[in-house]
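Enquirer: Here it is: the structure, laid out below.
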Amino acid sequence: MAKPSNSTKPTKSRATKSRTKKPGAARGKRAGYWRTAANSDRHELYELAVQEVVSECDFIDKTWRKLRGRLASTLREDFCGTAKACTEWARRRKDNHAVGVDLDESVILWGEHRHRSNLPESISSRITILQADVMAVETPKVETIVAMNFSYFIFKKRETLVKYFRRVHESLADDGLFFCDAYGGSEAHSEVEEERHLDGFTYVWDQNKYNPITGDVVNHIHFRFPDGSEMKRAFTYEWRLYSLPEIQDMLREAGFENVTIYWEGTNHKTGEGNGVFKPSTKGEACAGWIAYLVAEKKTGGRIARKVGGTANRARR
Ligand SMILES: C[S@@+](CC[C@H](N)C(=O)[O-])C[C@H]1O[C@@H](n2cnc3c(N)ncnc32)[C@H](O)[C@@H]1O
């Protein structure tokens with residue numbers, strides 16, 4: 001999340017208190033009304049606070065250009081939730097196609113109503129949403145698969161996560177890329193709450209439980225409002241907090257030929273993240289960080305490239 005412009009990616013700032021923090025916005029009135037717990041929608045607040053799909057898609061495009069010399073056209077968004085990234089993907093180029101996968105019918109329907117039903121047919125016809133388990137779903141091969149906002153941390157057993165990564169690997173075209181993110185740092189192992197003031201509400205990232213023996217965490221998102229009302233535990237995540245070396249090892253074990261970590265640079269004036277993510281093999285022991293991982297099914301040298309063209313695209 002934003003890595004491409006992390007500083008605007010709430011997801012990132014969820015866990016990056018000391019690195020990337022979106023400046024506090026107005027706490028008050030929005031578009032003529034005051035937000036309260038009673039009149040707010042948790043999915044809308046989540047999207048406002050956590051997602052930055054434009055910068056994510058920019059990051060995907062930039063990485064494709066760098067690694068493959070062209071842009072991708074097919075994308076699968078695993079754990080898609082409201083499938084906002086699918087919408088952005090289909091919107092940005094007329095030959096783009098997106099497939100979203102999520103287990104939860106209610107969040108899929110919310111996204112359908114909020115995003116896809118408002119799109120012209122020429123865009124919505126290029127988006128397919130599947131209510132399915134990412135461990136079982138069968139989709140035509142795609143060039144890009146994304147699993148953002150740490151959703152794959154839901155697989156707490158190492159062998160299960162490797163199995164998921166294998167399924168991603170199988171679902172990619174030969175030159176395909178898998179994008180995901182991870183968070184960490186000393187504060188990731190603490191039971192702390194982080195507040196971020198946004199337009200008309202406060203987003204609270206609550207690292208409620210951390211078990212150092214298993215790595216299991218329970219994180220909640222709460223929303224607080226200017227009238228003192230609160231939407232408590234709007235979202236709860238029971239995850240295992242994996243480290244970057246573990247994730248890289250599992251991706252390689254699953255068959256990916258190359259895995260690159262994109263680490264966020266530092267704004268030297270503030271000491272916080274600058275929203276620019278670059279390939280790196282050396283991070284810093286900061287209190288909170290968010291990084292992107294890009295896993296290549298096969299490395300570029302073995303893939304015929306056609307700069308600016310459409311060679312090797314997965315066909316649907
Ligand atoms: C943290 S949300 C991620 C939403 C969105 N991808 C984002 O970047 O903000 C996790 C989503 O994963 C879905 N989910 C959890 N387990 C899943 C599974 N095995 N297969 C498909 N979706 C799953 C949940 O229903 C939920 O909508």
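Following the order of the structure tokens, first chain is A, next is B, and so on, with residues numbered from 1 inside each chain and ligands from 1 in the order they appear.
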Just the residues within 10 Å of Gly215 in chain A, please, counting only C-alpha atoms, with nothing from its chain fewer than 5 positions along; format it as JSON, numbers by chain.
Expert: {"A": [156, 189, 209, 210, 239, 240, 241, 242, 243]}
Enquirer: Selection from above, C-alpha atoms, as a PDB file, in the first residue's frame, can you write it?
Expert:
ATOM      1  CA  LYS A 156      -0.923 -20.047  10.144  1.00  0.00           C
ATOM      2  CA  HIS A 189       5.553  -7.754  18.421  1.00  0.00           C
ATOM      3  CA  LYS A 209      -2.584 -10.099  21.093  1.00  0.00           C
ATOM      4  CA  TYR A 210       0.825 -11.397  20.188  1.00  0.00           C
ATOM      5  CA  TRP A 239      -2.967 -14.174  11.696  1.00  0.00           C
ATOM      6  CA  ARG A 240       0.498 -15.534  12.089  1.00  0.00           C
ATOM      7  CA  LEU A 241       3.093 -12.791  11.867  1.00  0.00           C
ATOM      8  CA  TYR A 242       5.580 -14.187   9.372  1.00  0.00           C
ATOM      9  CA  SER A 243       9.037 -12.669   8.885  1.00  0.00           C
TER      10      SER A 243
END
Enquirer: Kindly provide the residues of chain A that approach ligand 1 to within 7 Å, each paired with its closest atom pair and their distance in Å to one decimal, based on only C-alpha atoms and all ligand atoms, listed by chain and increasing number, as JSON lines.
Expert:
{"residue": "A:Val50", "atom": "CA", "partner": "ligand 1", "partner_atom_place_in_ligand_line": "9 (O)", "distance": 6.5}
{"residue": "A:Gln51", "atom": "CA", "partner": "ligand 1", "partner_atom_place_in_ligand_line": "9 (O)", "distance": 5.7}
{"residue": "A:Asp78", "atom": "CA", "partner": "ligand 1", "partner_atom_place_in_ligand_line": "21 (C)", "distance": 6.5}
{"residue": "A:Phe79", "atom": "CA", "partner": "ligand 1", "partner_atom_place_in_ligand_line": "12 (O)", "distance": 3.7}
{"residue": "A:Cys80", "atom": "CA", "partner": "ligand 1", "partner_atom_place_in_ligand_line": "6 (N)", "distance": 4.1}
{"residue": "A:Gly81", "atom": "CA", "partner": "ligand 1", "partner_atom_place_in_ligand_line": "27 (O)", "distance": 3.7}
{"residue": "A:Thr82", "atom": "CA", "partner": "ligand 1", "partner_atom_place_in_ligand_line": "4 (C)", "distance": 6.9}
{"residue": "A:Ala83", "atom": "CA", "partner": "ligand 1", "partner_atom_place_in_ligand_line": "5 (C)", "distance": 7.0}
{"residue": "A:Val101", "atom": "CA", "partner": "ligand 1", "partner_atom_place_in_ligand_line": "21 (C)", "distance": 5.7}
{"residue": "A:Asp102", "atom": "CA", "partner": "ligand 1", "partner_atom_place_in_ligand_line": "22 (N)", "distance": 3.5}
{"residue": "A:Leu103", "atom": "CA", "partner": "ligand 1", "partner_atom_place_in_ligand_line": "22 (N)", "distance": 4.2}
{"residue": "A:Asp104", "atom": "CA", "partner": "ligand 1", "partner_atom_place_in_ligand_line": "25 (O)", "distance": 4.4}
{"residue": "A:Val107", "atom": "CA", "partner": "ligand 1", "partner_atom_place_in_ligand_line": "27 (O)", "distance": 6.3}
{"residue": "A:Ala132", "atom": "CA", "partner": "ligand 1", "partner_atom_place_in_ligand_line": "21 (C)", "distance": 5.7}
{"residue": "A:Asp133", "atom": "CA", "partner": "ligand 1", "partner_atom_place_in_ligand_line": "20 (N)", "distance": 3.5}
{"residue": "A:Val134", "atom": "CA", "partner": "ligand 1", "partner_atom_place_in_ligand_line": "20 (N)", "distance": 4.1}
{"residue": "A:Met135", "atom": "CA", "partner": "ligand 1", "partner_atom_place_in_ligand_line": "19 (N)", "distance": 6.0}
{"residue": "A:Ala147", "atom": "CA", "partner": "ligand 1", "partner_atom_place_in_ligand_line": "6 (N)", "distance": 6.2}
{"residue": "A:Met148", "atom": "CA", "partner": "ligand 1", "partner_atom_place_in_ligand_line": "8 (O)", "distance": 4.3}
{"residue": "A:Asn149", "atom": "CA", "partner": "ligand 1", "partner_atom_place_in_ligand_line": "8 (O)", "distance": 4.5}
{"residue": "A:Phe150", "atom": "CA", "partner": "ligand 1", "partner_atom_place_in_ligand_line": "1 (C)", "distance": 6.6}
{"residue": "A:Ser151", "atom": "CA", "partner": "ligand 1", "partner_atom_place_in_ligand_line": "1 (C)", "distance": 4.9}
{"residue": "A:Ile154", "atom": "CA", "partner": "ligand 1", "partner_atom_place_in_ligand_line": "16 (N)", "distance": 6.6}
Enquirer: Quick one: pick out all helix (DSSP H, G or I) residues within range 207-267 of chain A from a backbone DSSP run and write them as JSON, numbers by chain.
Expert: {"A": [244, 245, 246, 247, 248, 249, 250, 251, 252, 253]}
Enquirer: Residues as selected, C-alpha atoms, written as a PDB file, in the first residue's frame, can you do that?
Expert:
ATOM      1  CA  LEU A 244      10.424 -11.622   5.512  1.00  0.00           C
ATOM      2  CA  PRO A 245      13.047 -14.410   5.450  1.00  0.00           C
ATOM      3  CA  GLU A 246      10.336 -16.993   6.171  1.00  0.00           C
ATOM      4  CA  ILE A 247       8.081 -15.656   3.418  1.00  0.00           C
ATOM      5  CA  GLN A 248      10.909 -15.542   0.889  1.00  0.00           C
ATOM      6  CA  ASP A 249      11.904 -19.126   1.725  1.00  0.00           C
ATOM      7  CA  MET A 250       8.320 -20.329   1.325  1.00  0.00           C
ATOM      8  CA  LEU A 251       7.880 -18.552  -2.011  1.00  0.00           C
ATOM      9  CA  ARG A 252      11.051 -20.179  -3.335  1.00  0.00           C
ATOM     10  CA  GLU A 253       9.957 -23.546  -1.973  1.00  0.00           C
TER      11      GLU A 253
END
Enquirer: Give me the residues near range 168-178 of chain A as a ChimeraX atom specification, where near means some atom within 9 Å (using only C-alpha atoms) and where sequence neighbours in that chain fewer than 5 positions away do not count.
Expert: /A:64,68,72,134-135,138-147,163,251,254-256,293-300,302-304,312-315
Enquirer: Mind checking which residues fall within 9 Å of Ser186 in chain A, counting only C-alpha atoms, ignoring those fewer than 3 positions away in the same chain, and posting them as a list in words?
Expert: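 Listing them by chain and then by number gives His189, Ser190, Ala285, Cys286, Ala287 and Gly288 of chain A.
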Enquirer: Taking only range 46-208 of chain A into account, list the residues labelled strand (DSSP E) by DSSP (computed from the backbone), as a PDB file with N, CA and C atoms, in the first residue's frame.
Expert:
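Okay, states-v7.pdb is ready:
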ATOM      1  N   THR A  74      -3.673  -8.918 -17.388  1.00  0.00           N
ATOM      2  CA  THR A  74      -4.563  -9.757 -16.572  1.00  0.00           C
ATOM      3  C   THR A  74      -4.081  -9.789 -15.126  1.00  0.00           C
ATOM      4  N   LEU A  75      -5.045  -9.627 -14.217  1.00  0.00           N
ATOM      5  CA  LEU A  75      -4.716  -9.577 -12.791  1.00  0.00           C
ATOM      6  C   LEU A  75      -5.755 -10.364 -12.005  1.00  0.00           C
ATOM      7  N   ARG A  76      -5.276 -11.118 -11.019  1.00  0.00           N
ATOM      8  CA  ARG A  76      -6.186 -11.759 -10.063  1.00  0.00           C
ATOM      9  C   ARG A  76      -5.904 -11.166  -8.693  1.00  0.00           C
ATOM     10  N   GLU A  77      -6.982 -10.728  -8.041  1.00  0.00           N
ATOM     11  CA  GLU A  77      -6.854 -10.156  -6.701  1.00  0.00           C
ATOM     12  C   GLU A  77      -7.362 -11.192  -5.697  1.00  0.00           C
ATOM     13  N   ASP A  78      -6.444 -11.854  -5.020  1.00  0.00           N
ATOM     14  CA  ASP A  78      -6.850 -12.823  -4.005  1.00  0.00           C
ATOM     15  C   ASP A  78      -7.267 -12.093  -2.736  1.00  0.00           C
ATOM     16  N   HIS A  97      -8.059  -7.048 -17.746  1.00  0.00           N
ATOM     17  CA  HIS A  97      -9.091  -7.916 -17.179  1.00  0.00           C
ATOM     18  C   HIS A  97      -8.714  -8.229 -15.740  1.00  0.00           C
ATOM     19  N   ALA A  98      -9.710  -8.311 -14.855  1.00  0.00           N
ATOM     20  CA  ALA A  98      -9.424  -8.610 -13.447  1.00  0.00           C
ATOM     21  C   ALA A  98     -10.360  -9.691 -12.932  1.00  0.00           C
ATOM     22  N   VAL A  99      -9.807 -10.554 -12.078  1.00  0.00           N
ATOM     23  CA  VAL A  99     -10.604 -11.569 -11.384  1.00  0.00           C
ATOM     24  C   VAL A  99     -10.368 -11.376  -9.893  1.00  0.00           C
ATOM     25  N   GLY A 100     -11.436 -11.244  -9.135  1.00  0.00           N
ATOM     26  CA  GLY A 100     -11.321 -11.139  -7.682  1.00  0.00           C
ATOM     27  C   GLY A 100     -11.805 -12.420  -7.039  1.00  0.00           C
ATOM     28  N   VAL A 101     -11.150 -12.811  -5.949  1.00  0.00           N
ATOM     29  CA  VAL A 101     -11.527 -14.041  -5.251  1.00  0.00           C
ATOM     30  C   VAL A 101     -11.679 -13.744  -3.769  1.00  0.00           C
ATOM     31  N   ASP A 102     -12.844 -14.046  -3.240  1.00  0.00           N
ATOM     32  CA  ASP A 102     -13.056 -13.891  -1.795  1.00  0.00           C
ATOM     33  C   ASP A 102     -14.105 -14.899  -1.346  1.00  0.00           C
ATOM     34  N   ILE A 127     -14.433  -7.459 -15.435  1.00  0.00           N
ATOM     35  CA  ILE A 127     -14.188  -7.830 -14.034  1.00  0.00           C
ATOM     36  C   ILE A 127     -15.038  -9.058 -13.698  1.00  0.00           C
ATOM     37  N   THR A 128     -14.400 -10.061 -13.143  1.00  0.00           N
ATOM     38  CA  THR A 128     -15.115 -11.267 -12.698  1.00  0.00           C
ATOM     39  C   THR A 128     -14.830 -11.450 -11.216  1.00  0.00           C
ATOM     40  N   ILE A 129     -15.888 -11.609 -10.424  1.00  0.00           N
ATOM     41  CA  ILE A 129     -15.677 -11.840  -8.995  1.00  0.00           C
ATOM     42  C   ILE A 129     -16.142 -13.253  -8.667  1.00  0.00           C
ATOM     43  N   LEU A 130     -15.291 -13.993  -8.010  1.00  0.00           N
ATOM     44  CA  LEU A 130     -15.613 -15.375  -7.651  1.00  0.00           C
ATOM     45  C   LEU A 130     -15.709 -15.494  -6.141  1.00  0.00           C
ATOM     46  N   GLN A 131     -16.828 -16.027  -5.678  1.00  0.00           N
ATOM     47  CA  GLN A 131     -16.917 -16.332  -4.249  1.00  0.00           C
ATOM     48  C   GLN A 131     -16.314 -17.716  -4.086  1.00  0.00           C
ATOM     49  N   VAL A 142      -3.100 -16.071 -15.278  1.00  0.00           N
ATOM     50  CA  VAL A 142      -3.031 -14.609 -15.327  1.00  0.00           C
ATOM     51  C   VAL A 142      -1.574 -14.172 -15.213  1.00  0.00           C
ATOM     52  N   GLU A 143      -1.342 -12.924 -15.577  1.00  0.00           N
ATOM     53  CA  GLU A 143       0.028 -12.400 -15.502  1.00  0.00           C
ATOM     54  C   GLU A 143       0.395 -11.952 -14.092  1.00  0.00           C
ATOM     55  N   THR A 144      -0.611 -11.466 -13.378  1.00  0.00           N
ATOM     56  CA  THR A 144      -0.344 -10.877 -12.060  1.00  0.00           C
ATOM     57  C   THR A 144      -1.335 -11.412 -11.042  1.00  0.00           C
ATOM     58  N   ILE A 145      -0.822 -11.809  -9.887  1.00  0.00           N
ATOM     59  CA  ILE A 145      -1.703 -12.117  -8.752  1.00  0.00           C
ATOM     60  C   ILE A 145      -1.262 -11.228  -7.594  1.00  0.00           C
ATOM     61  N   VAL A 146      -2.246 -10.630  -6.923  1.00  0.00           N
ATOM     62  CA  VAL A 146      -1.929  -9.794  -5.764  1.00  0.00           C
ATOM     63  C   VAL A 146      -2.654 -10.347  -4.531  1.00  0.00           C
ATOM     64  N   ALA A 147      -1.971 -10.253  -3.402  1.00  0.00           N
ATOM     65  CA  ALA A 147      -2.580 -10.625  -2.106  1.00  0.00           C
ATOM     66  C   ALA A 147      -2.129  -9.548  -1.126  1.00  0.00           C
ATOM     67  N   LEU A 172      -0.233 -18.658 -12.413  1.00  0.00           N
ATOM     68  CA  LEU A 172       0.414 -17.566 -13.151  1.00  0.00           C
ATOM     69  C   LEU A 172       0.906 -18.029 -14.515  1.00  0.00           C
ATOM     70  N   ALA A 173       0.886 -17.113 -15.474  1.00  0.00           N
ATOM     71  CA  ALA A 173       1.565 -17.342 -16.752  1.00  0.00           C
ATOM     72  C   ALA A 173       3.068 -17.478 -16.466  1.00  0.00           C
ATOM     73  N   ASP A 174       3.802 -18.001 -17.442  1.00  0.00           N
ATOM     74  CA  ASP A 174       5.225 -18.271 -17.208  1.00  0.00           C
ATOM     75  C   ASP A 174       6.019 -17.041 -16.779  1.00  0.00           C
ATOM     76  N   ASP A 175       5.651 -15.895 -17.335  1.00  0.00           N
ATOM     77  CA  ASP A 175       6.392 -14.687 -16.947  1.00  0.00           C
ATOM     78  C   ASP A 175       5.656 -13.922 -15.836  1.00  0.00           C
ATOM     79  N   GLY A 176       4.743 -14.611 -15.162  1.00  0.00           N
ATOM     80  CA  GLY A 176       3.876 -13.940 -14.194  1.00  0.00           C
ATOM     81  C   GLY A 176       4.577 -13.472 -12.931  1.00  0.00           C
ATOM     82  N   LEU A 177       3.966 -12.495 -12.293  1.00  0.00           N
ATOM     83  CA  LEU A 177       4.500 -11.922 -11.048  1.00  0.00           C
ATOM     84  C   LEU A 177       3.438 -11.982  -9.957  1.00  0.00           C
ATOM     85  N   PHE A 178       3.884 -12.329  -8.765  1.00  0.00           N
ATOM     86  CA  PHE A 178       3.008 -12.340  -7.589  1.00  0.00           C
ATOM     87  C   PHE A 178       3.438 -11.192  -6.679  1.00  0.00           C
ATOM     88  N   PHE A 179       2.467 -10.358  -6.312  1.00  0.00           N
ATOM     89  CA  PHE A 179       2.726  -9.209  -5.433  1.00  0.00           C
ATOM     90  C   PHE A 179       2.022  -9.440  -4.099  1.00  0.00           C
ATOM     91  N   CYS A 180       2.758  -9.275  -3.014  1.00  0.00           N
ATOM     92  CA  CYS A 180       2.107  -9.277  -1.706  1.00  0.00           C
ATOM     93  C   CYS A 180       2.863  -8.327  -0.789  1.00  0.00           C
ATOM     94  N   ASP A 181       2.357  -8.164   0.399  1.00  0.00           N
ATOM     95  CA  ASP A 181       3.006  -7.251   1.327  1.00  0.00           C
ATOM     96  C   ASP A 181       3.206  -7.938   2.676  1.00  0.00           C
ATOM     97  N   ALA A 182       4.010  -7.307   3.516  1.00  0.00           N
ATOM     98  CA  ALA A 182       4.261  -7.849   4.861  1.00  0.00           C
ATOM     99  C   ALA A 182       4.553  -6.668   5.772  1.00  0.00           C
ATOM    100  N   TYR A 183       4.319  -6.866   7.035  1.00  0.00           N
ATOM    101  CA  TYR A 183       4.697  -5.828   7.996  1.00  0.00           C
ATOM    102  C   TYR A 183       5.529  -6.442   9.101  1.00  0.00           C
ATOM    103  N   GLY A 184       6.265  -5.592   9.798  1.00  0.00           N
ATOM    104  CA  GLY A 184       7.098  -6.085  10.894  1.00  0.00           C
ATOM    105  C   GLY A 184       7.752  -4.929  11.626  1.00  0.00           C
ATOM    106  N   GLU A 193      -2.042   0.011  20.490  1.00  0.00           N
ATOM    107  CA  GLU A 193      -3.062   0.618  19.630  1.00  0.00           C
ATOM    108  C   GLU A 193      -2.456   1.827  18.945  1.00  0.00           C
ATOM    109  N   GLU A 194      -2.759   1.982  17.682  1.00  0.00           N
ATOM    110  CA  GLU A 194      -2.283   3.153  16.951  1.00  0.00           C
ATOM    111  C   GLU A 194      -3.489   3.870  16.360  1.00  0.00           C
ATOM    112  N   GLU A 195      -3.585   5.161  16.640  1.00  0.00           N
ATOM    113  CA  GLU A 195      -4.707   5.951  16.105  1.00  0.00           C
ATOM    114  C   GLU A 195      -4.248   6.798  14.940  1.00  0.00           C
ATOM    115  N   ARG A 196      -5.076   6.923  13.947  1.00  0.00           N
ATOM    116  CA  ARG A 196      -4.785   7.836  12.839  1.00  0.00           C
ATOM    117  C   ARG A 196      -6.031   8.639  12.551  1.00  0.00           C
ATOM    118  N   HIS A 197      -5.899   9.959  12.570  1.00  0.00           N
ATOM    119  CA  HIS A 197      -7.071  10.815  12.388  1.00  0.00           C
ATOM    120  C   HIS A 197      -7.282  11.095  10.913  1.00  0.00           C
ATOM    121  N   LEU A 198      -8.423  10.709  10.418  1.00  0.00           N
ATOM    122  CA  LEU A 198      -8.750  10.893   9.002  1.00  0.00           C
ATOM    123  C   LEU A 198      -9.905  11.868   8.875  1.00  0.00           C
ATOM    124  N   PHE A 201     -13.289  10.839  10.901  1.00  0.00           N
ATOM    125  CA  PHE A 201     -13.259   9.676  11.789  1.00  0.00           C
ATOM    126  C   PHE A 201     -11.814   9.334  12.137  1.00  0.00           C
ATOM    127  N   THR A 202     -11.687   8.511  13.157  1.00  0.00           N
ATOM    128  CA  THR A 202     -10.351   8.069  13.561  1.00  0.00           C
ATOM    129  C   THR A 202     -10.251   6.569  13.346  1.00  0.00           C
ATOM    130  N   TYR A 203      -9.180   6.199  12.681  1.00  0.00           N
ATOM    131  CA  TYR A 203      -8.898   4.791  12.406  1.00  0.00           C
ATOM    132  C   TYR A 203      -7.987   4.271  13.507  1.00  0.00           C
ATOM    133  N   VAL A 204      -8.355   3.133  14.069  1.00  0.00           N
ATOM    134  CA  VAL A 204      -7.542   2.585  15.165  1.00  0.00           C
ATOM    135  C   VAL A 204      -7.064   1.184  14.782  1.00  0.00           C
ATOM    136  N   TRP A 205      -5.770   1.017  14.746  1.00  0.00           N
ATOM    137  CA  TRP A 205      -5.159  -0.302  14.496  1.00  0.00           C
ATOM    138  C   TRP A 205      -4.759  -0.859  15.851  1.00  0.00           C
ATOM    139  N   ASP A 206      -5.408  -1.909  16.260  1.00  0.00           N
ATOM    140  CA  ASP A 206      -5.257  -2.455  17.611  1.00  0.00           C
ATOM    141  C   ASP A 206      -4.565  -3.814  17.529  1.00  0.00           C
ATOM    142  N   GLN A 207      -3.271  -3.812  17.814  1.00  0.00           N
ATOM    143  CA  GLN A 207      -2.536  -5.086  17.891  1.00  0.00           C
ATOM    144  C   GLN A 207      -2.826  -5.665  19.270  1.00  0.00           C
ATOM    145  N   ASN A 208      -3.861  -6.449  19.307  1.00  0.00           N
ATOM    146  CA  ASN A 208      -4.460  -6.831  20.581  1.00  0.00           C
ATOM    147  C   ASN A 208      -3.743  -7.973  21.277  1.00  0.00           C
TER     148      ASN A 208
END
Enquirer: Which of these, A:Ile108, A:Thr63, A:Cys86, A:Met231, has the shortest distance to Ser124 in chain A once you count only C-alpha atoms?
Expert: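 Nearest to Ser124 in chain A: A:Cys86.
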Enquirer: For Arg42 in chain A, which residue among A:Glu56, A:Glu230, A:Asp216, A:Glu257 is the nearest when counting only C-alpha atoms?
Expert: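 Of A:Glu56, A:Glu230, A:Asp216, A:Glu257, the one nearest Arg42 in chain A is A:Glu230, counting only C-alpha atoms.
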Enquirer: Within 7 Å of Asn96 in chain A, counting only C-alpha atoms, which residues qualify if same-chain residues fewer than 4 places away don't, as a ChimeraX atom specification?
Expert: /A:73-74,89-90
Enquirer: Pick from A:Arg92, A:Val217, A:Arg70, A:Glu47: nearest to Phe153 in chain A, with only C-alpha atoms counted?
Expert: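 Ranking A:Arg92, A:Val217, A:Arg70, A:Glu47 by distance to Phe153 in chain A, first place goes to A:Val217.
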Enquirer: I need the residue nearest Ser40 in chain A from this list: A:Tyr292, A:Phe277, A:Phe223, A:Tyr237. Use only C-alpha atoms for the distance.
Expert: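 With only C-alpha atoms as the atom set, the closest residue is A:Phe223.
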